[in-house]
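**Student:** mmCIF, C-alpha atoms, saved as work.cif, coming up:
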```
data_entry
loop_
_atom_site.label_atom_id
_atom_site.label_comp_id
_atom_site.auth_asym_id
_atom_site.auth_seq_id
_atom_site.Cartn_x
_atom_site.Cartn_y
_atom_site.Cartn_z
CA MET A 26 6.99 -23.88 16.02
CA SER A 27 7.72 -24.18 19.74
CA GLN A 28 6.55 -21.50 22.16
CA ALA A 29 10.15 -20.65 23.06
CA LYS A 30 11.12 -20.16 19.40
CA PHE A 31 7.99 -18.05 18.78
CA LEU A 32 8.78 -15.79 21.75
CA GLU A 33 12.40 -15.48 20.61
CA MET A 34 11.29 -14.35 17.14
CA LEU A 35 8.71 -11.99 18.61
CA ASP A 36 11.31 -10.46 20.91
CA PHE A 37 13.60 -9.87 17.92
CA CYS A 38 10.82 -8.24 15.84
CA LEU A 39 9.69 -5.98 18.70
CA LYS A 40 12.99 -4.99 20.29
CA GLU A 41 15.94 -5.75 18.02
CA ASN A 42 14.63 -4.79 14.58
CA ASN A 43 13.56 -1.15 15.03
CA TYR A 44 16.31 0.78 13.24
CA LEU A 45 16.33 3.77 10.91
CA GLN A 46 19.05 5.51 8.93
CA TYR A 47 19.45 9.28 8.78
CA LYS A 48 22.45 11.17 7.35
CA ASP A 49 24.65 8.05 7.28
CA SER A 50 23.93 7.29 10.95
CA LEU A 51 21.86 4.41 12.33
CA TYR A 52 19.36 5.00 15.14
CA LYS A 53 17.42 2.54 17.26
CA GLN A 54 13.87 3.21 18.44
CA PHE A 55 13.59 2.40 22.15
CA HIS A 56 9.88 3.03 22.79
CA GLY A 57 6.85 1.87 20.85
CA MET A 58 6.54 0.41 17.40
CA PRO A 59 7.80 2.23 14.27
CA MET A 60 5.42 3.69 11.71
CA GLY A 61 5.41 1.61 8.53
CA ASN A 62 6.23 -1.68 10.24
CA PRO A 63 3.59 -4.27 9.17
CA LEU A 64 3.54 -5.59 12.73
CA SER A 65 2.73 -2.22 14.35
CA PRO A 66 -1.09 -2.17 13.83
CA THR A 67 -1.46 -5.69 15.25
CA ILE A 68 0.67 -4.92 18.31
CA ALA A 69 -1.22 -1.66 18.92
CA ASP A 70 -4.52 -3.52 18.80
CA LEU A 71 -3.29 -6.16 21.26
CA VAL A 72 -1.96 -3.51 23.65
CA LEU A 73 -5.27 -1.61 23.64
CA ASP A 74 -7.21 -4.84 24.24
CA ASN A 75 -4.96 -5.66 27.20
CA LEU A 76 -5.30 -2.11 28.51
CA LEU A 77 -9.10 -2.31 28.55
CA ASP A 78 -9.07 -5.78 30.13
CA GLU A 79 -6.77 -4.57 32.90
CA LYS A 80 -8.27 -1.14 33.60
CA ILE A 81 -11.98 -1.42 32.74
CA LYS A 82 -13.46 -3.90 35.18
CA GLY A 83 -15.35 -4.15 38.45
CA GLU A 84 -18.39 -2.16 39.61
CA ASN A 85 -17.39 1.00 37.74
CA LYS A 86 -17.23 -0.73 34.36
CA PRO A 87 -19.12 1.33 31.71
CA LYS A 88 -22.52 0.09 30.60
CA CYS A 89 -21.26 0.07 27.01
CA ILE A 90 -17.74 0.32 25.61
CA VAL A 91 -16.62 0.09 21.97
CA LYS A 92 -13.06 0.36 20.60
CA TYR A 93 -11.77 1.07 17.10
CA VAL A 94 -7.95 1.11 17.07
CA ASP A 95 -7.28 3.81 19.75
CA ASP A 96 -10.71 5.52 19.70
CA ILE A 97 -13.04 4.45 22.49
CA PHE A 98 -16.78 5.12 22.86
CA ALA A 99 -18.29 4.45 26.25
CA ILE A 100 -21.53 5.00 28.15
CA THR A 101 -21.01 5.46 31.88
CA LYS A 102 -22.13 7.47 34.89
CA ILE A 103 -21.15 11.15 34.80
CA GLY A 104 -19.29 10.88 38.10
CA GLU A 105 -17.12 8.00 36.83
CA VAL A 106 -15.70 9.71 33.72
CA ASP A 107 -12.66 11.25 35.44
CA ASN A 108 -11.96 8.05 37.39
CA ILE A 109 -11.99 5.95 34.20
CA LEU A 110 -9.70 8.44 32.43
CA ARG A 111 -7.27 8.39 35.34
CA SER A 112 -7.27 4.57 35.36
CA LEU A 113 -6.57 4.36 31.62
CA ASN A 114 -3.69 6.84 31.88
CA ASP A 115 -2.12 4.82 34.72
CA TYR A 116 -1.49 1.88 32.35
CA HIS A 117 1.72 3.36 30.87
CA GLU A 118 3.32 6.80 31.02
CA LYS A 119 3.64 6.95 27.23
CA ILE A 120 0.01 5.96 26.55
CA GLN A 121 -2.16 8.89 27.57
CA PHE A 122 -5.82 9.49 26.67
CA THR A 123 -7.96 12.60 26.46
CA VAL A 124 -11.71 12.65 26.96
CA GLU A 125 -14.53 14.29 25.05
CA LYS A 126 -17.90 14.47 26.75
CA GLU A 127 -21.31 14.74 25.11
CA THR A 128 -22.73 18.17 24.23
CA ASN A 129 -26.49 18.63 24.19
CA LYS A 130 -26.88 14.88 24.72
CA ALA A 131 -24.86 14.10 21.55
CA ILE A 132 -21.30 13.22 20.56
CA THR A 133 -19.49 12.35 17.30
CA PHE A 134 -17.63 9.04 17.09
CA LEU A 135 -15.79 8.06 13.88
CA GLY A 136 -17.92 10.33 11.71
CA VAL A 137 -21.22 9.17 13.26
CA LYS A 138 -23.28 11.50 15.41
CA ILE A 139 -24.67 9.55 18.40
CA ALA A 140 -27.44 11.22 20.40
CA ARG A 141 -29.50 10.25 23.45
CA VAL A 142 -33.23 10.35 22.67
CA GLU A 143 -35.27 9.37 25.73
CA ASP A 144 -34.36 5.72 26.39
CA ARG A 145 -32.52 4.95 23.14
CA LEU A 146 -29.56 6.04 21.01
CA SER A 147 -30.02 7.86 17.71
CA PHE A 148 -27.46 7.64 14.88
CA ASP A 149 -26.79 10.15 12.13
CA THR A 150 -23.80 10.82 9.85
CA ALA A 151 -21.55 13.86 9.62
CA SER A 152 -20.90 15.42 6.21
CA GLY A 153 -17.45 15.57 4.61
CA ARG A 154 -15.45 16.14 1.45
CA LEU A 155 -14.88 13.53 -1.22
CA VAL A 156 -13.05 13.11 -4.54
CA ASN A 157 -13.92 16.01 -6.84
CA TYR A 158 -15.63 15.07 -10.09
CA ARG A 159 -13.09 17.11 -12.08
CA SER A 160 -10.11 15.25 -10.64
CA ASN A 161 -7.98 12.93 -12.76
CA GLN A 162 -9.83 9.71 -11.92
CA ALA A 163 -11.49 6.99 -13.97
CA ASN A 164 -15.23 7.50 -14.50
CA HIS A 165 -16.23 4.32 -12.64
CA ILE A 166 -14.25 5.47 -9.59
CA LEU A 167 -16.14 8.78 -9.52
CA ILE A 168 -19.47 6.98 -9.86
CA ASN A 169 -18.51 4.54 -7.08
CA THR A 170 -17.47 7.47 -4.88
CA ALA A 171 -20.96 8.96 -5.13
CA SER A 172 -22.58 5.55 -4.63
CA ASN A 173 -20.44 4.76 -1.57
CA LEU A 174 -21.38 8.11 -0.02
CA VAL A 175 -25.06 7.23 -0.37
CA HIS A 176 -24.39 3.76 1.03
CA LYS A 177 -22.55 5.12 4.06
CA VAL A 178 -25.06 7.85 4.88
CA PHE A 179 -28.12 5.59 4.77
CA ALA A 180 -26.43 2.58 6.37
CA LEU A 181 -25.15 4.53 9.40
CA SER A 182 -28.18 6.74 10.07
CA ASP A 183 -31.65 6.06 11.46
CA ARG A 184 -34.66 6.21 9.16
CA GLU A 185 -35.87 9.42 10.74
CA PHE A 186 -32.86 11.22 9.20
CA HIS A 187 -33.05 9.68 5.71
CA SER A 188 -35.16 12.43 4.16
CA ALA A 189 -32.83 15.19 5.42
CA ASN A 190 -29.76 13.15 4.53
CA GLU A 191 -30.94 12.74 0.93
CA LYS A 192 -30.81 16.53 0.57
CA LYS A 193 -27.47 16.60 2.38
CA VAL A 194 -25.93 14.01 0.04
CA THR A 195 -27.21 15.86 -3.03
CA GLN A 196 -25.63 19.10 -1.82
CA ILE A 197 -22.32 17.42 -1.01
CA LEU A 198 -22.12 15.95 -4.50
CA LEU A 199 -23.03 19.26 -6.11
CA ASP A 200 -20.41 21.07 -4.02
CA ASN A 201 -17.80 18.59 -5.28
CA GLY A 202 -18.65 19.14 -8.96
CA TYR A 203 -20.85 16.10 -9.66
CA PRO A 204 -23.39 16.72 -12.49
CA ILE A 205 -27.01 16.51 -11.44
CA ASN A 206 -27.71 13.72 -13.94
CA ILE A 207 -25.36 11.24 -12.21
CA ILE A 208 -26.19 12.15 -8.62
CA ILE A 209 -27.46 8.94 -7.11
CA ARG A 210 -30.66 9.22 -5.06
CA GLN A 211 -31.16 5.67 -3.89
CA LYS A 212 -31.75 4.40 -0.42
CA TYR A 213 -29.44 1.91 1.16
CA LYS A 214 -29.88 -1.70 0.11
CA ALA A 215 -28.14 -4.42 2.09
CA PRO A 216 -25.73 -6.49 -0.03
CA ILE A 217 -26.96 -9.92 -1.03
CA ASP A 218 -24.67 -12.89 -0.44
CA SER A 219 -25.18 -15.27 -3.33
CA GLY A 220 -23.32 -18.01 -1.50
CA MET A 221 -21.26 -18.71 -4.64
CA GLU A 222 -17.51 -18.89 -4.38
CA ARG A 223 -15.85 -16.17 -6.40
CA GLU A 224 -13.53 -17.21 -9.18
CA ARG A 225 -9.92 -16.77 -8.22
CA CYS A 226 -8.58 -13.55 -9.71
CA VAL A 227 -5.14 -11.97 -10.03
CA TYR A 228 -5.01 -8.24 -9.30
CA ARG A 229 -2.54 -5.82 -10.86
CA SER A 230 -2.28 -2.01 -10.84
CA ILE A 231 -1.48 0.38 -13.70
CA VAL A 232 -0.89 4.12 -13.80
CA TYR A 233 -4.07 5.97 -14.76
CA VAL A 234 -3.91 7.93 -18.02
CA PRO A 235 -7.33 9.16 -19.27
CA LYS A 236 -8.71 7.04 -22.14
CA LEU A 237 -5.42 5.12 -22.63
CA SER A 238 -5.78 3.20 -19.36
CA GLU A 239 -9.45 2.35 -19.99
CA ASN A 240 -8.63 1.01 -23.48
CA PHE A 241 -5.71 -1.04 -22.15
CA LYS A 242 -7.89 -2.47 -19.39
CA GLU A 243 -10.48 -3.61 -21.94
CA ILE A 244 -7.79 -5.35 -24.01
CA VAL A 245 -6.41 -7.22 -20.98
CA LYS A 246 -9.95 -8.15 -19.90
CA LYS A 247 -10.61 -9.79 -23.27
CA LYS A 248 -7.24 -11.54 -23.43
CA VAL A 249 -6.94 -12.71 -19.81
CA GLU A 250 -10.26 -13.23 -18.01
CA SER A 251 -8.71 -14.06 -14.63
CA VAL A 252 -6.91 -10.70 -14.34
CA SER A 253 -8.39 -7.56 -12.83
CA LEU A 254 -6.61 -4.23 -13.29
CA ALA A 255 -6.92 -1.28 -10.92
CA TYR A 256 -5.77 2.28 -11.52
CA LYS A 257 -3.22 4.15 -9.43
CA SER A 258 -1.97 7.73 -9.48
CA THR A 259 1.67 8.81 -9.68
CA LYS A 260 0.89 12.13 -7.98
CA THR A 261 0.91 11.24 -4.29
CA LEU A 262 1.84 13.24 -1.21
CA ALA A 263 5.13 11.33 -1.09
CA SER A 264 6.01 12.46 -4.62
CA LEU A 265 5.15 16.09 -3.87
CA LEU A 266 6.91 16.43 -0.52
CA SER A 267 10.67 16.33 -0.02
CA ASN A 268 12.18 12.96 0.87
CA MET A 269 13.85 13.15 4.30
CA LYS A 270 15.21 9.62 4.20
CA THR A 271 18.90 9.08 3.59
CA LYS A 272 19.37 7.50 0.15
CA THR A 273 20.83 4.02 0.11
CA GLU A 274 24.12 3.69 -1.74
CA LYS A 275 23.68 2.34 -5.27
CA ASP A 276 25.55 -0.92 -4.71
CA LYS A 277 23.50 -1.65 -1.55
CA ARG A 278 20.11 -1.40 -3.23
CA THR A 279 17.90 -4.41 -3.92
CA ASP A 280 14.91 -5.26 -6.15
CA VAL A 281 16.25 -3.24 -9.09
CA VAL A 282 16.37 -3.29 -12.88
CA TYR A 283 19.89 -2.23 -13.93
CA LYS A 284 21.92 -1.48 -17.07
CA ILE A 285 25.62 -2.13 -17.70
CA ASN A 286 27.29 -0.49 -20.69
CA CYS A 287 30.12 -2.15 -22.59
CA LEU A 288 33.45 -0.29 -22.84
CA GLY A 289 34.76 -2.48 -25.67
CA ASN A 290 38.54 -2.92 -25.80
CA ALA A 291 41.68 -1.15 -27.06
CA GLU A 292 40.97 -2.02 -30.72
CA GLU A 293 37.17 -1.78 -30.77
CA ASN A 294 34.56 0.56 -29.30
CA CYS A 295 31.23 -0.92 -28.30
CA ASN A 296 27.90 0.84 -27.76
CA GLN A 297 26.00 -2.19 -26.57
CA CYS A 298 24.57 -2.64 -23.07
CA TYR A 299 23.12 -5.36 -20.86
CA VAL A 300 19.81 -4.99 -19.00
CA GLY A 301 19.16 -7.21 -16.02
CA THR A 302 17.20 -7.48 -12.79
CA THR A 303 18.03 -8.73 -9.32
CA LYS A 304 16.38 -9.13 -5.93
CA GLN A 305 19.67 -9.34 -4.05
CA LEU A 306 22.14 -6.54 -3.33
CA LEU A 307 23.30 -4.96 -6.59
CA ARG A 308 26.95 -5.30 -5.57
CA GLN A 309 26.42 -9.06 -5.10
CA ARG A 310 24.86 -9.34 -8.55
CA ILE A 311 27.79 -7.40 -10.05
CA SER A 312 30.18 -9.74 -8.25
CA ASN A 313 28.35 -12.70 -9.84
CA HIS A 314 28.77 -11.14 -13.30
CA LYS A 315 32.50 -10.65 -12.71
CA SER A 316 32.83 -14.26 -11.55
CA ASP A 317 31.01 -15.56 -14.66
CA ILE A 318 33.38 -13.61 -16.92
CA ASN A 319 36.54 -14.71 -15.04
CA GLN A 320 35.42 -18.36 -15.15
CA LYS A 321 34.32 -17.97 -18.81
CA SER A 322 30.80 -19.19 -17.96
CA THR A 323 29.32 -17.96 -21.23
CA GLY A 324 26.06 -19.89 -20.83
CA LYS A 325 24.86 -18.03 -17.75
CA THR A 326 24.19 -14.51 -19.06
CA ALA A 327 24.38 -12.56 -22.29
CA LEU A 328 26.84 -10.21 -20.58
CA ALA A 329 29.28 -13.04 -19.85
CA TYR A 330 28.92 -14.42 -23.39
CA HIS A 331 29.51 -11.01 -25.00
CA SER A 332 32.52 -10.18 -22.78
CA VAL A 333 34.27 -13.53 -23.20
CA GLU A 334 33.58 -14.04 -26.92
CA ARG A 335 34.56 -10.52 -27.99
CA GLY A 336 37.10 -9.72 -25.28
CA HIS A 337 35.18 -6.64 -24.17
CA LYS A 338 35.14 -5.03 -20.74
CA PRO A 339 31.82 -4.14 -19.04
CA ASP A 340 31.56 -0.78 -17.26
CA PHE A 341 30.82 -2.19 -13.80
CA ASP A 342 31.73 1.11 -12.11
CA GLY A 343 29.11 2.97 -14.14
CA VAL A 344 26.20 0.56 -13.63
CA GLU A 345 22.87 2.43 -13.90
CA ILE A 346 19.70 1.64 -11.94
CA LEU A 347 16.70 1.93 -14.26
CA GLU A 348 13.86 0.88 -11.95
CA THR A 349 13.19 -0.15 -8.37
CA GLU A 350 10.28 -2.54 -7.80
CA ARG A 351 9.72 -5.00 -4.94
CA HIS A 352 7.04 -7.07 -6.68
CA THR A 353 8.79 -9.78 -8.69
CA SER A 354 6.29 -9.98 -11.56
CA LYS A 355 6.25 -6.20 -12.02
CA ARG A 356 10.04 -6.07 -11.94
CA TYR A 357 10.30 -8.69 -14.70
CA THR A 358 7.80 -6.69 -16.76
CA LEU A 359 9.87 -3.52 -16.36
CA GLU A 360 13.04 -5.40 -17.30
CA THR A 361 11.37 -6.73 -20.47
CA LEU A 362 10.18 -3.25 -21.43
CA HIS A 363 13.70 -1.83 -21.11
CA ILE A 364 15.17 -4.71 -23.13
CA ILE A 365 12.67 -4.17 -25.93
CA ASN A 366 13.00 -0.38 -25.94
CA ASN A 367 16.82 -0.43 -25.93
CA LYS A 368 17.99 -1.22 -29.49
CA ASN A 369 21.63 -1.56 -28.43
CA ASN A 370 21.08 -4.27 -25.82
CA MET A 371 23.14 -7.48 -25.97
CA ASN A 372 20.46 -9.62 -24.29
CA ARG A 373 19.85 -12.94 -25.99
CA LYS A 374 17.03 -13.33 -28.48
CA GLN A 375 14.92 -15.40 -26.10
CA ASP A 376 15.08 -12.52 -23.60
CA THR A 377 13.29 -10.17 -26.01
CA GLN A 378 9.94 -11.94 -26.28
CA ASN A 379 6.84 -10.18 -27.48
CA ILE A 380 5.76 -7.89 -24.63
CA SER A 381 2.12 -8.91 -24.77
CA SER A 382 2.87 -12.61 -24.23
CA VAL A 383 5.30 -11.77 -21.43
CA TYR A 384 2.74 -9.57 -19.73
CA CYS A 385 0.05 -12.25 -19.96
CA SER A 386 2.37 -14.77 -18.27
CA LEU A 387 3.29 -12.26 -15.58
CA VAL A 388 -0.25 -11.32 -14.66
CA LYS A 389 -0.96 -15.00 -14.17
CA GLY A 390 1.81 -15.02 -11.56
CA LYS A 391 4.39 -16.91 -13.63
CA LYS A 392 8.01 -15.97 -14.21
CA PRO A 393 8.86 -15.67 -17.94
CA ASP A 394 11.14 -18.34 -19.41
#
```
Please re-express this file's structure in structure tokens.
**Tutor:**
Amino acid sequence: MSQAKFLEMLDFCLKENNYLQYKDSLYKQFHGMPMGNPLSPTIADLVLDNLLDEKIKGENKPKCIVKYVDDIFAITKIGEVDNILRSLNDYHEKIQFTVEKETNKAITFLGVKIARVEDRLSFDTASGRLVNYRSNQANHILINTASNLVHKVFALSDREFHSANEKKVTQILLDNGYPINIIIRQKYKAPIDSGMERERCVYRSIVYVPKLSENFKEIVKKKVESVSLAYKSTKTLASLLSNMKTKTEKDKRTDVVYKINCLGNAEENCNQCYVGTTKQLLRQRISNHKSDINQKSTGKTALAYHSVERGHKPDFDGVEILETERHTSKRYTLETLHIINNKNNMNRKQDTQNISSVYCSLVKGKKPD
């Protein structure tokens, strides 16, 4: 790709592609990058790097400066703090920093307490909440939560604090409902790199249901060794809070599993339906179905075959969206489930394969025949 073409694409992504829809009106964002855009974190990181290169230099440059996203830790002379803050805030009117100075020779940065002890820095960790043991989570996740807490506390603190931190970790786990018999009291051990290349694995997620999900995971593990399943919860903040986004019209939606009922004809009622999936706009897929029927292309879909052979009329105005899923393999799985569970579907016999064989092909990243 040429530099000119790259800059043209970058200009489009940064300036011409920041739109949102609210109450049937389109708005353009003029300043900054939108939340949720995959490019935003990278651009923010580049901007902060450029800011520090431009503003932190010369004789007044701090002795030490560390950045994590937009949090900056620096060691500098007391008299230079206000000058550095003023310089950073001069970079752009919409990028403004605040400063927090040390208290009693100590300051907290990203959950780590950093203190000045004579001629060196001392590191300790700050306590916090974690997943409660009584929450609806798989047992191995709860155990890993406790283990990761131990790992973090001992990895980020100096040895002089390890004894006190062991008591702190124990109390945190007890406060969050962890039984005393599974509280992990082990000191941090650095991970060992075996140097062996890990076997390529396909990852998929399933909704966590106590006992059922664990049993299903064991079955998949025995049947398909190269697949690793992870649990996810359906109760998220997004599902609990009201959705402020304007809903997209049905015919303009993409990545859907849909159902079309058959209206039959004047002489015959029909209770059959067709289940399908599409990545394109639903209205475009419906248009394709209509074209297949008009051209009598009975070999393309079961819907076209049924409509042409029996002279029935599909209810295109009443098309129903069953699922929305961006991931292709998951969408095909959902389509197969709806075909199998709907006894009145008109889908061809080869479309209703055994669900276990279909799932095994999907988790391997293949589209079913």
**Student:** So how far away is CA of Pro204 (chain A) from CA of Leu181 (chain A), in Å?
**Tutor:**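 Taking CA of Leu181 (chain A) and CA of Pro204 (chain A), their separation equals 25.1 Å.
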**Student:** Do you know which residues are at most 12 Å from Lys260 (chain A) counting all atoms listed in the file, after dropping those on the same chain fewer than 4 positions away, and could you put them as JSON, numbers by chain?
**Tutor:** {"A": [160, 161, 162, 232, 233, 234, 264, 265, 266]}
**Student:** Dump C-alpha atoms for the selected residues as a JSON list (two decimals), keeping the file's coordinate frame?
**Tutor:**
```json
[["chain", "number", "residue", "atom", "x", "y", "z"],
["A", 160, "SER", "CA", -10.11, 15.25, -10.64],
["A", 161, "ASN", "CA", -7.98, 12.93, -12.76],
["A", 162, "GLN", "CA", -9.83, 9.71, -11.92],
["A", 232, "VAL", "CA", -0.89, 4.12, -13.80],
["A", 233, "TYR", "CA", -4.07, 5.97, -14.76],
["A", 234, "VAL", "CA", -3.91, 7.93, -18.02],
["A", 264, "SER", "CA", 6.01, 12.46, -4.62],
["A", 265, "LEU", "CA", 5.15, 16.09, -3.87],
["A", 266, "LEU", "CA", 6.91, 16.43, -0.52]]
```
**Student:** My list of candidates is A:Ser251, A:Ser188, A:Thr123, A:Asn240. Which is closest to Asp107 (chain A) when distances are computed with all atoms listed in the file?
**Tutor:** A:Thr123
**Student:** With all atoms listed in the file as the basis for distance, which of A:Ile231, A:Glu348, A:Leu113, A:Arg141 is at the shortest distance from Ser258 (chain A)?
**Tutor:** A:Ile231
**Student:** Considering only C-alpha atoms, can you say which of A:Asn85, A:Tyr52, A:Gln320, A:His363 comes closest to Gly104 (chain A)?
**Tutor:**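 That would be A:Asn85, the residue with the smallest distance to Gly104 (chain A).
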**Student:** Do a neighbour search on Ile311 (chain A) at 10 Å with all atoms listed in the file, toss out local chain neighbours closer than 2 positions, and write the hits as a ChimeraX atom specification.
**Tutor:** /A:276,285,303,306-309,313-317,341-342,344
**Student:** Can you measure CA of Asn201 (chain A) to CA of Val178 (chain A) for me? One decimal in Å is fine.
**Tutor:**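 Between these atoms lies a distance of 16.5 Å.
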**Student:** Mind telling me what the PyMOL selection byres ((chain A and resi 331-337) around 12) catches here, as a VMD selection string?
**Tutor:** chain A and resid 285 to 299 314 to 330 338 to 340 370 to 373
**Student:** Could you save those same residues with C-alpha atoms as a compact mmCIF listing (two decimals), in the coordinates of the input?
**Tutor:**
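Output saved as again31.txt:
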```txt
# COMPACT_ATOMS: atom_id res chain seq x y z
CA ILE A 285 25.62 -2.13 -17.70
CA ASN A 286 27.29 -0.49 -20.69
CA CYS A 287 30.12 -2.15 -22.59
CA LEU A 288 33.45 -0.29 -22.84
CA GLY A 289 34.76 -2.48 -25.67
CA ASN A 290 38.54 -2.92 -25.80
CA ALA A 291 41.68 -1.15 -27.06
CA GLU A 292 40.97 -2.02 -30.72
CA GLU A 293 37.17 -1.78 -30.77
CA ASN A 294 34.56 0.56 -29.30
CA CYS A 295 31.23 -0.92 -28.30
CA ASN A 296 27.90 0.84 -27.76
CA GLN A 297 26.00 -2.19 -26.57
CA CYS A 298 24.57 -2.64 -23.07
CA TYR A 299 23.12 -5.36 -20.86
CA HIS A 314 28.77 -11.14 -13.30
CA LYS A 315 32.50 -10.65 -12.71
CA SER A 316 32.83 -14.26 -11.55
CA ASP A 317 31.01 -15.56 -14.66
CA ILE A 318 33.38 -13.61 -16.92
CA ASN A 319 36.54 -14.71 -15.04
CA GLN A 320 35.42 -18.36 -15.15
CA LYS A 321 34.32 -17.97 -18.81
CA SER A 322 30.80 -19.19 -17.96
CA THR A 323 29.32 -17.96 -21.23
CA GLY A 324 26.06 -19.89 -20.83
CA LYS A 325 24.86 -18.03 -17.75
CA THR A 326 24.19 -14.51 -19.06
CA ALA A 327 24.38 -12.56 -22.29
CA LEU A 328 26.84 -10.21 -20.58
CA ALA A 329 29.28 -13.04 -19.85
CA TYR A 330 28.92 -14.42 -23.39
CA LYS A 338 35.14 -5.03 -20.74
CA PRO A 339 31.82 -4.14 -19.04
CA ASP A 340 31.56 -0.78 -17.26
CA ASN A 370 21.08 -4.27 -25.82
CA MET A 371 23.14 -7.48 -25.97
CA ASN A 372 20.46 -9.62 -24.29
CA ARG A 373 19.85 -12.94 -25.99
```
**Student:** Hey, which of A:Ile166, A:Val282, A:Leu73, A:Val106 ends up closest to Lys92 (chain A)? Count all atoms listed in the file.
**Tutor:**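 Closest to Lys92 (chain A), using all atoms listed in the file: A:Leu73.
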**Student:** So what does the PyMOL selection byres ((chain A and resi 115-120) around 10) actually pick up in this one, as an mmCIF file with C-alpha atoms, in the frame of the given file?
**Tutor:**
```cif
data_model
loop_
_atom_site.group_PDB
_atom_site.id
_atom_site.type_symbol
_atom_site.label_atom_id
_atom_site.label_comp_id
_atom_site.auth_asym_id
_atom_site.auth_seq_id
_atom_site.Cartn_x
_atom_site.Cartn_y
_atom_site.Cartn_z
ATOM 1 C CA HIS A 56 9.880 3.030 22.790
ATOM 2 C CA GLY A 57 6.850 1.870 20.850
ATOM 3 C CA LEU A 73 -5.270 -1.610 23.640
ATOM 4 C CA ASN A 75 -4.960 -5.660 27.200
ATOM 5 C CA LEU A 76 -5.300 -2.110 28.510
ATOM 6 C CA LEU A 77 -9.100 -2.310 28.550
ATOM 7 C CA GLU A 79 -6.770 -4.570 32.900
ATOM 8 C CA LYS A 80 -8.270 -1.140 33.600
ATOM 9 C CA ILE A 109 -11.990 5.950 34.200
ATOM 10 C CA LEU A 110 -9.700 8.440 32.430
ATOM 11 C CA ARG A 111 -7.270 8.390 35.340
ATOM 12 C CA SER A 112 -7.270 4.570 35.360
ATOM 13 C CA LEU A 113 -6.570 4.360 31.620
ATOM 14 C CA ASN A 114 -3.690 6.840 31.880
ATOM 15 C CA GLN A 121 -2.160 8.890 27.570
ATOM 16 C CA PHE A 122 -5.820 9.490 26.670
#
```
**Student:** Mind telling me what the PyMOL selection byres ((chain A and resi 199) around 12) catches here, as an NGL selection string?
**Tutor:** :A and (154-159 or 171 or 192-198 or 200-209)
**Student:** Would you mind reading off the distance between CA of Arg351 (chain A) and CA of Tyr228 (chain A), one decimal, in Å?
**Tutor:**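 Between CA of Arg351 (chain A) and CA of Tyr228 (chain A) the gap is 15.7 Å.
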**Student:** May I have the centre and edge lengths, in Å to one decimal, of an axis-aligned box around the listed atoms of region 127-143 of chain A with 8 Å added to every side, as lines of an AutoDock Vina configuration file?
**Tutor:**
```
center_x = -25.5
center_y = 13.3
center_z = 18.7
size_x = 35.5
size_y = 26.6
size_z = 30.0
```
**Student:** From (14.8, -1.8, -23.9), in the file's coordinates, out to 12 Å: which residues are reached, counting all atoms listed in the file? Answer as a list in words.
**Tutor:**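 Here the neighbourhood of the point contains Val282, Tyr283, Lys284, Gln297, Cys298, Tyr299, Val300, Gly301, Leu347, Thr358, Leu359, Glu360, Thr361, Leu362, His363, Ile364, Ile365, Asn366, Asn367, Lys368, Asn369, Asn370, Met371, Asn372, Asp376, Thr377, Gln378 and Ile380 of chain A.
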**Student:** Of the candidates A:Thr128, A:Gly343, A:Gly136, A:Ile244, which shows the shortest atom-to-atom distance to Lys275 (chain A), using all atoms listed in the file?
**Tutor:**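 Distance minimum relative to Lys275 (chain A) lands on A:Gly343.
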